[in-house]
Structure formats: structure tokens, C-alpha cells
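K.L.:
Got a file for you: data.cif, mmCIF, N, CA and C atoms.
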```
data_final
#
loop_
_atom_site.label_atom_id
_atom_site.label_comp_id
_atom_site.auth_asym_id
_atom_site.auth_seq_id
_atom_site.Cartn_x
_atom_site.Cartn_y
_atom_site.Cartn_z
N MET W 1 68.36 -61.97 -70.31
CA MET W 1 67.36 -62.98 -70.05
C MET W 1 67.10 -63.83 -71.28
N ILE W 2 67.05 -63.23 -72.44
CA ILE W 2 66.78 -63.98 -73.66
C ILE W 2 67.83 -65.07 -73.89
N SER W 3 69.07 -64.81 -73.54
CA SER W 3 70.13 -65.79 -73.78
C SER W 3 69.92 -67.06 -72.97
N THR W 4 69.13 -67.02 -71.90
CA THR W 4 68.89 -68.22 -71.11
C THR W 4 67.72 -69.04 -71.64
N LEU W 5 66.99 -68.51 -72.61
CA LEU W 5 65.85 -69.22 -73.19
C LEU W 5 66.30 -70.02 -74.40
N THR W 6 67.09 -71.04 -74.14
CA THR W 6 67.75 -71.78 -75.22
C THR W 6 66.78 -72.51 -76.13
N ASN W 7 65.66 -72.97 -75.60
CA ASN W 7 64.69 -73.69 -76.43
C ASN W 7 63.94 -72.75 -77.36
N ILE W 8 63.62 -71.56 -76.86
CA ILE W 8 63.01 -70.54 -77.72
C ILE W 8 63.98 -70.14 -78.81
N ALA W 9 65.23 -69.91 -78.45
CA ALA W 9 66.25 -69.52 -79.43
C ALA W 9 66.40 -70.58 -80.51
N ALA W 10 66.50 -71.85 -80.11
CA ALA W 10 66.66 -72.93 -81.08
C ALA W 10 65.44 -73.03 -81.99
N LEU W 11 64.26 -72.87 -81.42
CA LEU W 11 63.03 -72.93 -82.22
C LEU W 11 63.03 -71.85 -83.29
N VAL W 12 63.28 -70.62 -82.89
CA VAL W 12 63.24 -69.49 -83.82
C VAL W 12 64.36 -69.62 -84.86
N GLU W 13 65.55 -70.01 -84.42
CA GLU W 13 66.66 -70.17 -85.37
C GLU W 13 66.40 -71.29 -86.35
N GLY W 14 65.56 -72.25 -85.97
CA GLY W 14 65.22 -73.37 -86.85
C GLY W 14 64.00 -73.12 -87.72
N GLY W 15 63.49 -71.89 -87.71
CA GLY W 15 62.36 -71.54 -88.57
C GLY W 15 61.02 -71.53 -87.87
N GLY W 16 61.01 -71.82 -86.58
CA GLY W 16 59.75 -71.77 -85.82
C GLY W 16 59.46 -70.35 -85.39
N GLU W 17 58.39 -70.18 -84.64
CA GLU W 17 58.05 -68.84 -84.18
C GLU W 17 57.37 -68.88 -82.83
N ILE W 18 57.48 -67.77 -82.12
CA ILE W 18 56.72 -67.59 -80.90
C ILE W 18 55.88 -66.33 -81.06
N THR W 19 54.79 -66.30 -80.35
CA THR W 19 53.90 -65.13 -80.34
C THR W 19 53.60 -64.79 -78.90
N LEU W 20 53.62 -63.51 -78.59
CA LEU W 20 53.32 -63.03 -77.26
C LEU W 20 52.40 -61.84 -77.39
N GLY W 21 51.25 -61.89 -76.73
CA GLY W 21 50.35 -60.76 -76.81
C GLY W 21 48.99 -61.06 -76.21
N HIS W 22 48.13 -60.06 -76.29
CA HIS W 22 46.77 -60.15 -75.75
C HIS W 22 45.88 -60.88 -76.74
N LEU W 23 45.13 -61.85 -76.24
CA LEU W 23 44.17 -62.59 -77.07
C LEU W 23 42.78 -62.15 -76.66
N ASP W 24 42.12 -61.39 -77.53
CA ASP W 24 40.80 -60.84 -77.23
C ASP W 24 39.79 -61.92 -76.87
N ALA W 25 39.87 -63.07 -77.51
CA ALA W 25 38.88 -64.13 -77.29
C ALA W 25 38.80 -64.58 -75.83
N ILE W 26 39.91 -64.51 -75.12
CA ILE W 26 39.89 -64.91 -73.71
C ILE W 26 40.22 -63.74 -72.78
N GLY W 27 40.60 -62.61 -73.34
CA GLY W 27 40.86 -61.42 -72.55
C GLY W 27 42.11 -61.48 -71.71
N LYS W 28 43.08 -62.27 -72.16
CA LYS W 28 44.31 -62.42 -71.38
C LYS W 28 45.53 -62.43 -72.30
N CYS W 29 46.69 -62.26 -71.68
CA CYS W 29 47.96 -62.34 -72.39
C CYS W 29 48.30 -63.82 -72.59
N VAL W 30 48.76 -64.15 -73.78
CA VAL W 30 49.15 -65.52 -74.09
C VAL W 30 50.52 -65.55 -74.75
N ALA W 31 51.14 -66.72 -74.70
CA ALA W 31 52.40 -66.97 -75.39
C ALA W 31 52.26 -68.30 -76.10
N THR W 32 52.61 -68.33 -77.38
CA THR W 32 52.50 -69.56 -78.15
C THR W 32 53.82 -69.86 -78.84
N ALA W 33 54.02 -71.13 -79.15
CA ALA W 33 55.22 -71.56 -79.87
C ALA W 33 54.81 -72.60 -80.91
N THR W 34 55.29 -72.41 -82.14
CA THR W 34 55.00 -73.35 -83.22
C THR W 34 56.26 -73.61 -84.02
N ASP W 35 56.35 -74.81 -84.57
CA ASP W 35 57.39 -75.07 -85.55
C ASP W 35 56.70 -75.21 -86.90
N ASP W 36 57.41 -75.71 -87.90
CA ASP W 36 56.81 -75.78 -89.23
C ASP W 36 55.74 -76.85 -89.35
N ALA W 37 55.60 -77.71 -88.34
CA ALA W 37 54.66 -78.81 -88.44
C ALA W 37 53.50 -78.76 -87.44
N GLN W 38 53.71 -78.09 -86.30
CA GLN W 38 52.69 -78.18 -85.26
C GLN W 38 52.81 -77.06 -84.23
N CYS W 39 51.75 -76.92 -83.48
CA CYS W 39 51.77 -76.01 -82.34
C CYS W 39 52.36 -76.77 -81.17
N LEU W 40 53.39 -76.22 -80.56
CA LEU W 40 54.08 -76.88 -79.46
C LEU W 40 53.50 -76.52 -78.11
N ALA W 41 53.11 -75.27 -77.94
CA ALA W 41 52.61 -74.82 -76.64
C ALA W 41 51.78 -73.56 -76.80
N MET W 42 50.72 -73.48 -75.98
CA MET W 42 49.89 -72.28 -75.90
C MET W 42 49.64 -72.02 -74.42
N LEU W 43 50.25 -70.97 -73.90
CA LEU W 43 50.19 -70.67 -72.47
C LEU W 43 49.41 -69.39 -72.21
N VAL W 44 48.72 -69.35 -71.09
CA VAL W 44 48.00 -68.17 -70.64
C VAL W 44 48.77 -67.59 -69.46
N ARG W 45 48.99 -66.29 -69.50
CA ARG W 45 49.71 -65.62 -68.41
C ARG W 45 48.87 -65.66 -67.14
N HIS W 46 49.47 -66.14 -66.07
CA HIS W 46 48.79 -66.21 -64.77
C HIS W 46 48.71 -64.83 -64.14
N LYS W 47 47.72 -64.63 -63.31
CA LYS W 47 47.58 -63.36 -62.59
C LYS W 47 48.85 -63.12 -61.77
N GLY W 48 49.46 -61.96 -61.95
CA GLY W 48 50.67 -61.60 -61.23
C GLY W 48 51.95 -62.17 -61.82
N GLU W 49 51.85 -62.97 -62.87
CA GLU W 49 53.04 -63.57 -63.49
C GLU W 49 53.77 -62.53 -64.34
N SER W 50 55.06 -62.45 -64.19
CA SER W 50 55.85 -61.52 -65.01
C SER W 50 55.99 -62.08 -66.42
N LEU W 51 56.30 -61.20 -67.36
CA LEU W 51 56.54 -61.67 -68.73
C LEU W 51 57.77 -62.58 -68.77
N ASP W 52 58.77 -62.27 -67.95
CA ASP W 52 59.95 -63.14 -67.88
C ASP W 52 59.54 -64.56 -67.48
N ALA W 53 58.70 -64.66 -66.45
CA ALA W 53 58.26 -65.97 -65.98
C ALA W 53 57.45 -66.69 -67.05
N LEU W 54 56.58 -65.97 -67.75
CA LEU W 54 55.79 -66.57 -68.82
C LEU W 54 56.71 -67.11 -69.92
N LEU W 55 57.72 -66.35 -70.29
CA LEU W 55 58.65 -66.81 -71.33
C LEU W 55 59.48 -67.99 -70.85
N ARG W 56 59.83 -68.04 -69.58
CA ARG W 56 60.55 -69.21 -69.05
C ARG W 56 59.65 -70.45 -69.10
N ARG W 57 58.36 -70.28 -68.78
CA ARG W 57 57.42 -71.40 -68.89
C ARG W 57 57.28 -71.86 -70.34
N LEU W 58 57.26 -70.89 -71.27
CA LEU W 58 57.17 -71.24 -72.69
C LEU W 58 58.41 -72.02 -73.12
N ASP W 59 59.57 -71.57 -72.68
CA ASP W 59 60.81 -72.26 -73.00
C ASP W 59 60.77 -73.70 -72.51
N ALA W 60 60.30 -73.90 -71.28
CA ALA W 60 60.20 -75.25 -70.72
C ALA W 60 59.16 -76.09 -71.46
N ALA W 61 58.07 -75.47 -71.87
CA ALA W 61 57.01 -76.19 -72.59
C ALA W 61 57.49 -76.65 -73.97
N ILE W 62 58.34 -75.86 -74.61
CA ILE W 62 58.91 -76.25 -75.90
C ILE W 62 59.75 -77.52 -75.72
N LEU W 63 60.58 -77.53 -74.69
CA LEU W 63 61.41 -78.70 -74.41
C LEU W 63 60.52 -79.92 -74.11
N ASP W 64 59.47 -79.72 -73.34
CA ASP W 64 58.55 -80.80 -73.00
C ASP W 64 57.88 -81.36 -74.26
N ALA W 65 57.55 -80.49 -75.18
CA ALA W 65 56.92 -80.94 -76.43
C ALA W 65 57.88 -81.82 -77.24
N TYR W 66 59.12 -81.40 -77.37
CA TYR W 66 60.08 -82.17 -78.16
C TYR W 66 60.55 -83.43 -77.44
N ASP W 67 60.79 -83.34 -76.14
CA ASP W 67 61.31 -84.50 -75.42
C ASP W 67 60.25 -85.52 -75.05
N ASN W 68 59.05 -85.07 -74.72
CA ASN W 68 58.02 -85.95 -74.19
C ASN W 68 56.74 -86.01 -75.02
N GLU W 69 56.72 -85.29 -76.13
CA GLU W 69 55.53 -85.19 -76.97
C GLU W 69 54.31 -84.74 -76.17
N HIS W 70 54.56 -83.85 -75.22
CA HIS W 70 53.48 -83.25 -74.41
C HIS W 70 53.28 -81.83 -74.91
N PHE W 71 52.14 -81.57 -75.54
CA PHE W 71 51.85 -80.28 -76.13
C PHE W 71 50.90 -79.51 -75.23
N THR W 72 51.42 -78.51 -74.54
CA THR W 72 50.66 -77.76 -73.54
C THR W 72 49.68 -76.82 -74.23
N ASP W 73 48.42 -76.89 -73.80
CA ASP W 73 47.39 -76.00 -74.33
C ASP W 73 46.57 -75.46 -73.16
N GLU W 74 46.88 -74.25 -72.74
CA GLU W 74 46.14 -73.60 -71.68
C GLU W 74 45.05 -72.68 -72.23
N ILE W 75 45.00 -72.51 -73.52
CA ILE W 75 44.02 -71.61 -74.13
C ILE W 75 42.68 -72.32 -74.34
N ASN W 76 42.73 -73.47 -74.91
CA ASN W 76 41.51 -74.25 -75.12
C ASN W 76 41.33 -75.16 -73.92
N ASP W 77 40.12 -75.29 -73.48
CA ASP W 77 39.84 -76.12 -72.32
C ASP W 77 40.03 -77.58 -72.70
N LEU W 78 41.04 -78.19 -72.15
CA LEU W 78 41.33 -79.58 -72.49
C LEU W 78 40.98 -80.53 -71.36
N THR W 79 39.98 -80.17 -70.58
CA THR W 79 39.56 -81.07 -69.52
C THR W 79 39.00 -82.34 -70.14
N PRO W 80 39.19 -83.46 -69.46
CA PRO W 80 38.68 -84.72 -70.03
C PRO W 80 37.18 -84.63 -70.28
N SER W 81 36.79 -85.16 -71.40
CA SER W 81 35.37 -85.17 -71.75
C SER W 81 35.03 -86.53 -72.34
N ALA W 82 33.78 -86.72 -72.60
CA ALA W 82 33.34 -87.98 -73.21
C ALA W 82 33.98 -88.11 -74.59
N PRO W 83 34.33 -89.33 -74.96
CA PRO W 83 34.91 -89.54 -76.30
C PRO W 83 33.96 -89.03 -77.38
N ARG W 84 34.55 -88.44 -78.37
CA ARG W 84 33.75 -87.91 -79.49
C ARG W 84 33.79 -88.86 -80.66
N LYS W 85 32.69 -88.89 -81.39
CA LYS W 85 32.65 -89.70 -82.60
C LYS W 85 33.37 -88.96 -83.71
N PRO W 86 34.10 -89.68 -84.55
CA PRO W 86 34.78 -89.02 -85.67
C PRO W 86 33.78 -88.35 -86.61
N ARG W 87 34.18 -87.24 -87.17
CA ARG W 87 33.34 -86.57 -88.17
C ARG W 87 33.42 -87.31 -89.48
N ARG W 88 32.35 -87.24 -90.23
CA ARG W 88 32.35 -87.92 -91.54
C ARG W 88 32.48 -86.91 -92.63
#
```
Could you write out this file's structure as C-alpha cells?
P.N.:
Amino acid sequence: MISTLTNIAALVEGGGEITLGHLDAIGKCVATATDDAQCLAMLVRHKGESLDALLRRLDAAILDAYDNEHFTDEINDLTPSAPRKPRR
């Protein structure tokens, strides 16, 4: 299965990292991917989702980040909100 996760493999071989585990702050399993410059994806495992499926979603999210500059964040609530004023 790992051999089919080409985006995860390329990320790790290029010095990036992935993390998979339980995040106490939200009480769920998460998977994250980062390179040396930014966080590419933060995914929350869905109820009933296998770890294989979660890793396939992470692999796809890495590709989406590089190809489309879409950085998936399921951990922090990114629902649209009122514009914020810059901090001083």
C-alpha cells in the first residue's frame, strides 16, 4: 500500500514529514503533512475510515497543495468568518 502513496513518498524523500496519531485537543486521529516551508495538509480521520483511506486522502491532499495551492485544514475550523483586522 505504501508504494502507491507516491506523493507521501516524494514528500518524505525530499525532507518533508508526515505525522499520524491521536490529537488530544480534538480527541481524534489526525494525519498531517509538512515540507520545509509550510504545512500542506491536516486531516481528521472520519468515523469508520480506515487508516489506509486516511493515508490515501493525505496523499491526494499533498498533490492538491502543490498543484493547486489548496492547503487542506480539517483540524482548525476554517468556516468563513468576518474579516479580521490585522494585528499591530
K.L.:
Near W:Asp59, within 7 Å and counting all atoms listed in the file, which residues show up once chain neighbours fewer than 6 positions away are dropped, as a PyMOL selection string?
P.N.:
chain W and resi 5-8
K.L.:
Determine the nearest neighbour of W:Ile62 from the options W:Ala9, W:Ala31, W:Ala41, W:Ile18, counting all atoms listed in the file.
P.N.:
W:Ala41
K.L.:
What is the atom CA of W:Arg45-atom CA of W:Cys29 distance in Å, reported with one decimal?
P.N.:
5.4 Å
K.L.:
Just give me the gap between atom C of W:Tyr66 and atom CA of W:Leu23 in Å, one decimal is fine.
P.N.:
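Interatomic distance, atom C of W:Tyr66 to atom CA of W:Leu23: 26.5 Å.
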K.L.:
For the PyMOL selection byres (((chain W and resi 34 and name CA) around 10) and name CA), applied here, can you spell out every residue it catches as a PyMOL selection string?
P.N.:
chain W and resi 11-12+15-19+32-33+35-42+62
K.L.:
Go ahead and write the selection's residues with N, CA and C atoms as a short mmCIF file (atom, residue, chain, number, x, y, z; two decimals), keeping the file's coordinate frame.
P.N.:
```
data_model
loop_
_atom_site.label_atom_id
_atom_site.label_comp_id
_atom_site.auth_asym_id
_atom_site.auth_seq_id
_atom_site.Cartn_x
_atom_site.Cartn_y
_atom_site.Cartn_z
N LEU W 11 64.26 -72.87 -81.42
CA LEU W 11 63.03 -72.93 -82.22
C LEU W 11 63.03 -71.85 -83.29
N VAL W 12 63.28 -70.62 -82.89
CA VAL W 12 63.24 -69.49 -83.82
C VAL W 12 64.36 -69.62 -84.86
N GLY W 15 63.49 -71.89 -87.71
CA GLY W 15 62.36 -71.54 -88.57
C GLY W 15 61.02 -71.53 -87.87
N GLY W 16 61.01 -71.82 -86.58
CA GLY W 16 59.75 -71.77 -85.82
C GLY W 16 59.46 -70.35 -85.39
N GLU W 17 58.39 -70.18 -84.64
CA GLU W 17 58.05 -68.84 -84.18
C GLU W 17 57.37 -68.88 -82.83
N ILE W 18 57.48 -67.77 -82.12
CA ILE W 18 56.72 -67.59 -80.90
C ILE W 18 55.88 -66.33 -81.06
N THR W 19 54.79 -66.30 -80.35
CA THR W 19 53.90 -65.13 -80.34
C THR W 19 53.60 -64.79 -78.90
N THR W 32 52.61 -68.33 -77.38
CA THR W 32 52.50 -69.56 -78.15
C THR W 32 53.82 -69.86 -78.84
N ALA W 33 54.02 -71.13 -79.15
CA ALA W 33 55.22 -71.56 -79.87
C ALA W 33 54.81 -72.60 -80.91
N ASP W 35 56.35 -74.81 -84.57
CA ASP W 35 57.39 -75.07 -85.55
C ASP W 35 56.70 -75.21 -86.90
N ASP W 36 57.41 -75.71 -87.90
CA ASP W 36 56.81 -75.78 -89.23
C ASP W 36 55.74 -76.85 -89.35
N ALA W 37 55.60 -77.71 -88.34
CA ALA W 37 54.66 -78.81 -88.44
C ALA W 37 53.50 -78.76 -87.44
N GLN W 38 53.71 -78.09 -86.30
CA GLN W 38 52.69 -78.18 -85.26
C GLN W 38 52.81 -77.06 -84.23
N CYS W 39 51.75 -76.92 -83.48
CA CYS W 39 51.77 -76.01 -82.34
C CYS W 39 52.36 -76.77 -81.17
N LEU W 40 53.39 -76.22 -80.56
CA LEU W 40 54.08 -76.88 -79.46
C LEU W 40 53.50 -76.52 -78.11
N ALA W 41 53.11 -75.27 -77.94
CA ALA W 41 52.61 -74.82 -76.64
C ALA W 41 51.78 -73.56 -76.80
N MET W 42 50.72 -73.48 -75.98
CA MET W 42 49.89 -72.28 -75.90
C MET W 42 49.64 -72.02 -74.42
N ILE W 62 58.34 -75.86 -74.61
CA ILE W 62 58.91 -76.25 -75.90
C ILE W 62 59.75 -77.52 -75.72
#
```
K.L.:
Quick check, in Å to one decimal: how far apart do atom CA of W:Gly14 and atom CA of W:Asp64 lie?
P.N.:
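According to the coordinates, atom CA of W:Gly14 and atom CA of W:Asp64 are separated by 17.1 Å.
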K.L.:
Going by DSSP on the backbone, which bits of stretch 18-58 of chain W are helix (DSSP H, G or I)? Write them as a list in words, please.
P.N.:
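Put together, the selection reads Leu51, Asp52, Ala53, Leu54, Leu55, Arg56, Arg57 and Leu58 of chain W.
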